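What follows is a short report on a single structure.
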Amino acid sequence: MAYSAQIKLSTVIPVILLIVGIIIGFVAGYAMKPPVATPAPTPTPAVKTIKVAVWGSGSPVDVTRVDNIERAASILNRLFEAVGVDVKIEVEKQFFRGDYMEKLTAAFAAEEAPDIIAMKNLPVLADGGYVIALDDYVEKYSDLLEDVYPVLWKSVKYKGKIWALPQDTEARPLYFRKDVLRQLGWSEEEIEALPEKIKNGEVTLLDLIEVAKEAMDKGLVEWGFYHRPNFGGTPFVILYYQYGGVLQDPETGKLVFDKSAMLKMLQLLHRMAQVDKVLPPTMIGTSWREIHAGFVNGRVLFWFGGTWHWAEWQRVAYHGELGELPEEYEWENIGFALVPAPEPGLKPLTLSSPYLYYVTAQSENPELAFLLITLATSAPIDAIHAVDSGHLPVRSTTVDQPYYKQSKFHREVAYMLEHTSFEPLHPKWGAYKDAWITAITKVEKGELTPEEALQEMITTLQAELGDELVIRE
Amino acid sequence: MALKISRKMLPWIFLAPMLMMIIFSWIAPVLLTVYLGFTDLSSKNFLDFIRNFFTENVHLTLENFEKIFFAKDPYVVEALTITAIYVVSVLSINAIFALVLSIAIAYFVRNEIVSMLLRVSWLIPRIMPGIIYALVWNWFIDPKYGLLNTLLKFAGVPEALLPESWLLSPPYSQILMIVVNGYVGASFGMIIYTAAIKSIPTDIINAALVDGASDFQIARHIIVPLLKWPMLFVISWQTLSLLSSYEYILMIWGSGGGGGYAGIARAAKVMVWSLYSYSKAFAAEEHLYGYASALSLILVIVGVVLIITYFKIFGFRRLMEPSRIEV
């Protein structure tokens, strides 16, 4: 016997009608074009609107990465208007707080990628075909790019081509507490001369370790040095370079592991954390708040920070009594210098990790997009981003801009770009960094000797990178 | 007038929304994971891949599995070991400790209001947003300002036994990983068990009391055997959850941002398999989606094997049979 459910048709019909109605509504909504308003007769021709989409990311103060494209578009629009060209550029901005690579790949898949992106990650973007090489445009508009700091071109060249324009950069100085040095008996002249002496190689990191020990022995500070709680490049890459290490072979583009430089770098950190005990052995993993609060409140003498931290201390309440630091307090109590030479005979250095503007492969107006990024990095607009976000300029003429000149800090750190270095451009750099930070963590904690950590690092990197790694003695 | 719908069709109509959800949220991702696991997909070849999706132009390869099974990846063995420690330990808290806790709260605590308050207090970490929970732990374990070391010292633990850093010093870091996940997970088992204990007919317990059974005997011989179904559910569910969970580890050990957290997690020996898969897909510059899918596929297979094993251990077939006792 066949079972069947008896449902009254009068109950089912309204439900069916509702579902059908919803479907028809959706279909009709998609199919029907919005009613077109009858164009009113107008004496002027219709203005052609070109939409340019730009995506960028960073902290809230970095929003100028996308806003500056709008400023550049505004300049072009005024030019068009002045010469009677009926074209208007409309900029569609999207700003993210973190990495947006997944959103970007999804946009590419949907063929809705933006025209311009501001991010790092050059090797993957270039190898993956997300962005276009800009050599032809750079040559065509070379007169507009003459004032880009020559050193920054290194950061946009990959496999022999230029893939981006530098959007901003920064330096990673060694900050020091002037008030603690005063308490140690240093004169004002000696304190003010310290950055210059570091720059000339007269004062090395070994000298500062001794100063740190003295300050700790006298109970003036809890720790001599703090560094970042994660990789972030500073001071690890800087020290490696200072010891003569190379991270990328300029000919083959392969990553390089210089055993001697790496070992010396690990030995120095081991000495600081385990022998001289001027660096906390559990520095890695320390909270950012503790790091900033420790330095800002004078519990730490030296801090391997970044130029952007100067602005951060003025905006985030790290100080126990003052909260957000007034800039006058910073000038009175905090100084900055290049990362000193680790030992006599070596050079002081800093590190930059420029943010880059790219033109994407799906841009319908690549030349216009290029012009926009060129204008967005031109001196007056570059100055706005540099000062507002605490970064360094990408154009040498920016330092003469009135807005930039107002900032004493920016004027005084600009020289660091002449002593800067860069991280390698390689898709497997992330794996290299992971193995490196593991070694640093274990060495500083005293879990492994520098030699053991070096060996572990080599084994890991050989397995992870294979042919993409060159090991040098 | 009446519309006749076949009796066989009716359940499918009602099940359709749920089946659709299962197909799109579970079966399709698993199939996609299987497919991607056999490719070398990364952000480098992503654009080519989507152009050739499911065509013969996609480069299918066994390389990912060779890397995993022939130890070409130096982290695989370590990640596997840490995952085994993590899952077994946290599962013990989630399933066994939660059972003890539930019996204590739902049977031994006779006052309903006190019982309810205790249940709610255990649920607090589950109610709390994950990021806040992780942040609170970060503060709690701070060697200098955190409460944990102070409390342990107060409890008489010698200072020499306390770690310099709960984050970085194994096995303390692993204990932290287990406790953080176990504490929040125990509340899930507790709710399921408590509901099951509350539904046990009081006649059975009263009869045992009349026969002179002690509370412990009642818990041991009446309550626990009657919780077989919930135990199977909690253990299976929690096993699958734990195999794929890494969020608290990521939030606590990666809270500094700025890159390199995978290296820090490795140094602290808290790099579980799912976090390793995540780090390969989303943290490294090149986004190795193919390799990460292969790693995830191993988790799916391990999960299925474990569920089948649990069914065997708990006698799933017998549990599904209708009761032989006339109620």
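We name chains A, B, ... following the order of the structure tokens; residues begin at 1 in each chain, and ligands are numbered from 1 as shown.
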I'd like a table as CSV: residues in chain A with an atom no more than 8 Å from chain B, each row giving the shortest atom pair and its distance in Å to one decimal, only C-alpha atoms counted, sorted by chain and rising residue number.
residue,atom,partner,partner_atom,distance
A:Tyr3,CA,B:Arg7,CA,5.4
A:Ser4,CA,B:Arg7,CA,4.7
A:Ala5,CA,B:Ile5,CA,5.4
A:Gln6,CA,B:Lys4,CA,5.4
A:Ile7,CA,B:Leu3,CA,5.5
A:Lys8,CA,B:Ala2,CA,4.5
A:Leu9,CA,B:Ala2,CA,5.0
A:Ser10,CA,B:Met1,CA,7.9
A:Thr105,CA,B:Phe46,CA,7.4
A:Phe108,CA,B:Leu47,CA,7.3
A:Ala109,CA,B:Ile50,CA,6.6
A:Asn121,CA,B:Glu285,CA,6.6
A:Val124,CA,B:Lys44,CA,5.4
A:Leu125,CA,B:Lys44,CA,7.2
A:Asp127,CA,B:Lys44,CA,5.7
A:Gly128,CA,B:Lys44,CA,3.9
A:Gly129,CA,B:Leu47,CA,7.3
A:Tyr130,CA,B:Leu47,CA,7.9
A:Pro229,CA,B:Gly256,CA,6.5
A:Asn230,CA,B:Gly260,CA,6.1
A:Phe231,CA,B:Gly260,CA,5.4
A:Gly232,CA,B:Gly258,CA,5.6
A:Thr282,CA,B:Ser165,CA,6.4
A:Ile284,CA,B:Ile264,CA,7.6
A:Gly285,CA,B:Gly256,CA,6.9
A:Thr286,CA,B:Gly256,CA,7.9
A:Ser287,CA,B:Gly256,CA,6.5
A:Trp288,CA,B:Gly256,CA,6.4
A:Pro427,CA,B:Glu286,CA,5.5
A:Lys428,CA,B:Glu286,CA,6.8
A:Trp429,CA,B:Glu285,CA,7.3
A:Gly430,CA,B:Ala284,CA,5.1
A:Ala431,CA,B:Ala284,CA,6.8
A:Lys433,CA,B:Gly260,CA,6.0
A:Asp434,CA,B:Gly263,CA,4.1
A:Ala435,CA,B:Gly263,CA,5.8
A:Trp436,CA,B:Gly263,CA,7.4
A:Ile437,CA,B:Gly263,CA,5.5
A:Thr438,CA,B:Gly263,CA,4.7
A:Ala439,CA,B:Ala267,CA,7.7
A:Thr441,CA,B:Ala267,CA,6.5
A:Lys442,CA,B:Ala267,CA,6.6
A:Thr460,CA,B:Pro74,CA,6.1
A:Ala463,CA,B:Asp73,CA,6.3
A:Glu464,CA,B:Asp73,CA,6.7
I need the chosen residues saved as an mmCIF file, in the first residue's frame, with C-alpha atoms.
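Heads up, here's the output in part_20.cif:
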data_model
loop_
_atom_site.group_PDB
_atom_site.id
_atom_site.type_symbol
_atom_site.label_atom_id
_atom_site.label_comp_id
_atom_site.auth_asym_id
_atom_site.auth_seq_id
_atom_site.Cartn_x
_atom_site.Cartn_y
_atom_site.Cartn_z
ATOM 1 C CA TYR A 3 1.465 5.869 1.748
ATOM 2 C CA SER A 4 0.838 9.437 0.906
ATOM 3 C CA ALA A 5 0.639 12.596 2.862
ATOM 4 C CA GLN A 6 -2.524 14.605 2.485
ATOM 5 C CA ILE A 7 -1.807 18.301 2.334
ATOM 6 C CA LYS A 8 -4.509 20.755 1.537
ATOM 7 C CA LEU A 9 -3.877 22.558 -1.730
ATOM 8 C CA SER A 10 -5.202 25.751 -0.180
ATOM 9 C CA THR A 105 43.207 36.976 -5.414
ATOM 10 C CA PHE A 108 41.366 38.816 -9.682
ATOM 11 C CA ALA A 109 39.344 35.626 -9.997
ATOM 12 C CA ASN A 121 55.125 41.135 -1.355
ATOM 13 C CA VAL A 124 54.672 36.895 -5.487
ATOM 14 C CA LEU A 125 52.801 39.729 -7.187
ATOM 15 C CA ASP A 127 55.687 36.055 -10.489
ATOM 16 C CA GLY A 128 51.943 35.520 -10.188
ATOM 17 C CA GLY A 129 51.098 37.986 -12.930
ATOM 18 C CA TYR A 130 49.070 40.261 -10.661
ATOM 19 C CA PRO A 229 59.090 40.542 20.013
ATOM 20 C CA ASN A 230 59.012 39.011 16.524
ATOM 21 C CA PHE A 231 61.063 39.062 13.352
ATOM 22 C CA GLY A 232 60.348 42.379 11.696
ATOM 23 C CA THR A 282 62.528 35.898 26.640
ATOM 24 C CA ILE A 284 60.664 37.185 21.722
ATOM 25 C CA GLY A 285 56.997 36.951 22.584
ATOM 26 C CA THR A 286 57.048 39.911 24.987
ATOM 27 C CA SER A 287 53.927 42.002 24.550
ATOM 28 C CA TRP A 288 54.227 45.174 22.478
ATOM 29 C CA PRO A 427 58.890 34.290 -2.474
ATOM 30 C CA LYS A 428 60.442 31.963 0.112
ATOM 31 C CA TRP A 429 61.736 34.748 2.367
ATOM 32 C CA GLY A 430 58.900 33.940 4.789
ATOM 33 C CA ALA A 431 60.260 30.420 5.358
ATOM 34 C CA LYS A 433 62.424 34.323 8.482
ATOM 35 C CA ASP A 434 60.549 31.574 10.335
ATOM 36 C CA ALA A 435 63.682 29.438 10.669
ATOM 37 C CA TRP A 436 65.685 32.494 11.713
ATOM 38 C CA ILE A 437 63.315 33.619 14.464
ATOM 39 C CA THR A 438 63.216 30.048 15.812
ATOM 40 C CA ALA A 439 67.031 30.125 16.085
ATOM 41 C CA THR A 441 64.377 32.493 20.265
ATOM 42 C CA LYS A 442 66.336 29.400 21.273
ATOM 43 C CA THR A 460 65.650 23.421 8.199
ATOM 44 C CA ALA A 463 64.758 21.142 3.522
ATOM 45 C CA GLU A 464 62.414 24.108 3.087
#
Each residue of stretch 143-210 of chain B lying at most 12 Å from stretch 223-234 of chain B should get a row with its shortest atom-to-atom pair and the distance in Å to one decimal, counting only C-alpha atoms; could you produce that, ordered by chain and increasing number, as a Markdown table?
| residue | atom | partner | partner_atom | distance |
| --- | --- | --- | --- | --- |
| B:Gly185 | CA | B:Val234 | CA | 10.2 |
| B:Ala186 | CA | B:Val234 | CA | 10.0 |
| B:Ser187 | CA | B:Val234 | CA | 11.0 |
| B:Phe188 | CA | B:Val234 | CA | 8.0 |
| B:Gly189 | CA | B:Val234 | CA | 5.9 |
| B:Met190 | CA | B:Val234 | CA | 9.4 |
| B:Ile191 | CA | B:Val234 | CA | 10.1 |
| B:Ile192 | CA | B:Pro230 | CA | 6.6 |
| B:Tyr193 | CA | B:Pro230 | CA | 6.4 |
| B:Thr194 | CA | B:Pro230 | CA | 9.8 |
| B:Ala195 | CA | B:Pro230 | CA | 9.4 |
| B:Ala196 | CA | B:Leu227 | CA | 6.8 |
| B:Ile197 | CA | B:Ile223 | CA | 6.8 |
| B:Lys198 | CA | B:Ile223 | CA | 10.0 |
| B:Ser199 | CA | B:Leu226 | CA | 10.1 |
| B:Ile200 | CA | B:Ile223 | CA | 7.7 |
| B:Pro201 | CA | B:Ile223 | CA | 10.5 |
| B:Thr202 | CA | B:Ile223 | CA | 11.0 |
| B:Ile204 | CA | B:Ile223 | CA | 9.8 |
| B:Ile205 | CA | B:Ile223 | CA | 8.7 |
| B:Ala208 | CA | B:Ile223 | CA | 11.3 |
Next item on the list: May I have all residues of stretch 41-106 of chain B that DSSP, computed from the backbone, assigns to helix (DSSP H, G or I), given as a ChimeraX atom specification?
Entry: /B:46-51,63-69,76-106
Could you dump the residues just selected with C-alpha atoms as an mmCIF file, in the first residue's frame?
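Heads up, here's the output in again.cif:
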data_model
loop_
_atom_site.group_PDB
_atom_site.id
_atom_site.type_symbol
_atom_site.label_atom_id
_atom_site.label_comp_id
_atom_site.auth_asym_id
_atom_site.auth_seq_id
_atom_site.Cartn_x
_atom_site.Cartn_y
_atom_site.Cartn_z
ATOM 1 C CA PHE B 46 46.707 31.322 -8.718
ATOM 2 C CA LEU B 47 45.618 33.277 -11.794
ATOM 3 C CA ASP B 48 46.616 30.455 -14.160
ATOM 4 C CA PHE B 49 44.900 27.988 -11.879
ATOM 5 C CA ILE B 50 41.526 29.690 -11.860
ATOM 6 C CA ARG B 51 41.629 30.011 -15.634
ATOM 7 C CA GLU B 63 54.667 16.151 -4.504
ATOM 8 C CA ASN B 64 52.707 17.475 -1.534
ATOM 9 C CA PHE B 65 52.131 14.006 -0.156
ATOM 10 C CA GLU B 66 55.723 12.991 -0.869
ATOM 11 C CA LYS B 67 56.831 15.944 1.241
ATOM 12 C CA ILE B 68 54.538 14.861 4.067
ATOM 13 C CA PHE B 69 55.082 11.108 4.038
ATOM 14 C CA VAL B 76 55.918 17.300 9.788
ATOM 15 C CA VAL B 77 57.073 14.847 12.456
ATOM 16 C CA GLU B 78 57.251 17.547 15.115
ATOM 17 C CA ALA B 79 53.825 18.937 14.176
ATOM 18 C CA LEU B 80 52.380 15.421 14.311
ATOM 19 C CA THR B 81 53.857 14.742 17.754
ATOM 20 C CA ILE B 82 52.672 18.068 19.159
ATOM 21 C CA THR B 83 49.198 17.524 17.673
ATOM 22 C CA ALA B 84 48.964 14.086 19.302
ATOM 23 C CA ILE B 85 49.960 15.533 22.696
ATOM 24 C CA TYR B 86 47.546 18.428 22.217
ATOM 25 C CA VAL B 87 44.521 16.394 21.117
ATOM 26 C CA VAL B 88 44.917 13.627 23.708
ATOM 27 C CA SER B 89 45.525 16.056 26.581
ATOM 28 C CA VAL B 90 42.800 18.543 25.744
ATOM 29 C CA LEU B 91 40.366 15.748 24.931
ATOM 30 C CA SER B 92 41.009 14.307 28.396
ATOM 31 C CA ILE B 93 40.022 17.637 29.887
ATOM 32 C CA ASN B 94 37.071 18.098 27.567
ATOM 33 C CA ALA B 95 35.643 14.620 27.906
ATOM 34 C CA ILE B 96 36.833 13.153 31.229
ATOM 35 C CA PHE B 97 37.249 16.240 33.384
ATOM 36 C CA ALA B 98 33.972 17.618 31.991
ATOM 37 C CA LEU B 99 32.289 14.339 32.985
ATOM 38 C CA VAL B 100 33.606 14.543 36.539
ATOM 39 C CA LEU B 101 32.630 18.189 36.698
ATOM 40 C CA SER B 102 29.111 17.483 35.418
ATOM 41 C CA ILE B 103 28.508 14.662 37.868
ATOM 42 C CA ALA B 104 29.748 16.917 40.667
ATOM 43 C CA ILE B 105 27.582 19.834 39.599
ATOM 44 C CA ALA B 106 24.469 17.983 38.473
#
Next item on the list: Would you mind telling me which residue in B:Ala281, B:His221, B:Asn206, B:Ala294 lies nearest to A:Met101 when using only C-alpha atoms?
Entry: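 Residue with the minimum atom-to-atom distance to A:Met101: B:Ala281.
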Margin query: I'd like the contact shell of A:Phe370 - 9 Å cut-off, only C-alpha atoms, skipping same-chain residues fewer than 4 positions apart - returned as a ChimeraX atom specification.
Written below: /A:116,134,137-138,165,357-359,365-366,374-375
Print the selection's residues with N, CA and C atoms to a file, as a CSV table (one decimal), in the first residue's frame.
chain,number,residue,atom,x,y,z
A,116,ILE,N,45.1,50.0,-8.9
A,116,ILE,CA,46.4,50.3,-8.2
A,116,ILE,C,46.3,49.6,-6.8
A,134,LEU,N,56.8,48.1,-15.0
A,134,LEU,CA,56.6,49.5,-15.3
A,134,LEU,C,57.8,50.2,-16.0
A,137,TYR,N,57.0,52.8,-18.7
A,137,TYR,CA,56.5,54.0,-18.2
A,137,TYR,C,57.5,54.8,-17.4
A,138,VAL,N,58.4,54.1,-16.7
A,138,VAL,CA,59.4,54.8,-15.9
A,138,VAL,C,60.4,55.5,-16.8
A,165,LEU,N,56.5,51.5,-7.8
A,165,LEU,CA,57.1,52.7,-7.4
A,165,LEU,C,57.2,52.7,-5.9
A,357,TYR,N,53.7,51.0,-4.6
A,357,TYR,CA,52.5,51.2,-5.4
A,357,TYR,C,52.7,50.3,-6.7
A,358,TYR,N,51.7,49.5,-7.0
A,358,TYR,CA,51.8,48.7,-8.2
A,358,TYR,C,50.6,49.1,-9.1
A,359,VAL,N,50.7,48.8,-10.4
A,359,VAL,CA,49.6,48.9,-11.3
A,359,VAL,C,49.3,47.4,-11.7
A,365,ASN,N,43.3,51.0,-17.5
A,365,ASN,CA,44.0,52.3,-17.8
A,365,ASN,C,45.4,52.3,-17.2
A,366,PRO,N,46.3,51.4,-17.6
A,366,PRO,CA,47.5,51.2,-16.8
A,366,PRO,C,48.4,52.5,-16.9
A,374,THR,N,52.6,58.1,-9.8
A,374,THR,CA,53.8,59.0,-9.9
A,374,THR,C,53.5,60.3,-9.2
A,375,LEU,N,52.3,60.8,-9.4
A,375,LEU,CA,51.8,62.0,-8.8
A,375,LEU,C,51.7,61.9,-7.3
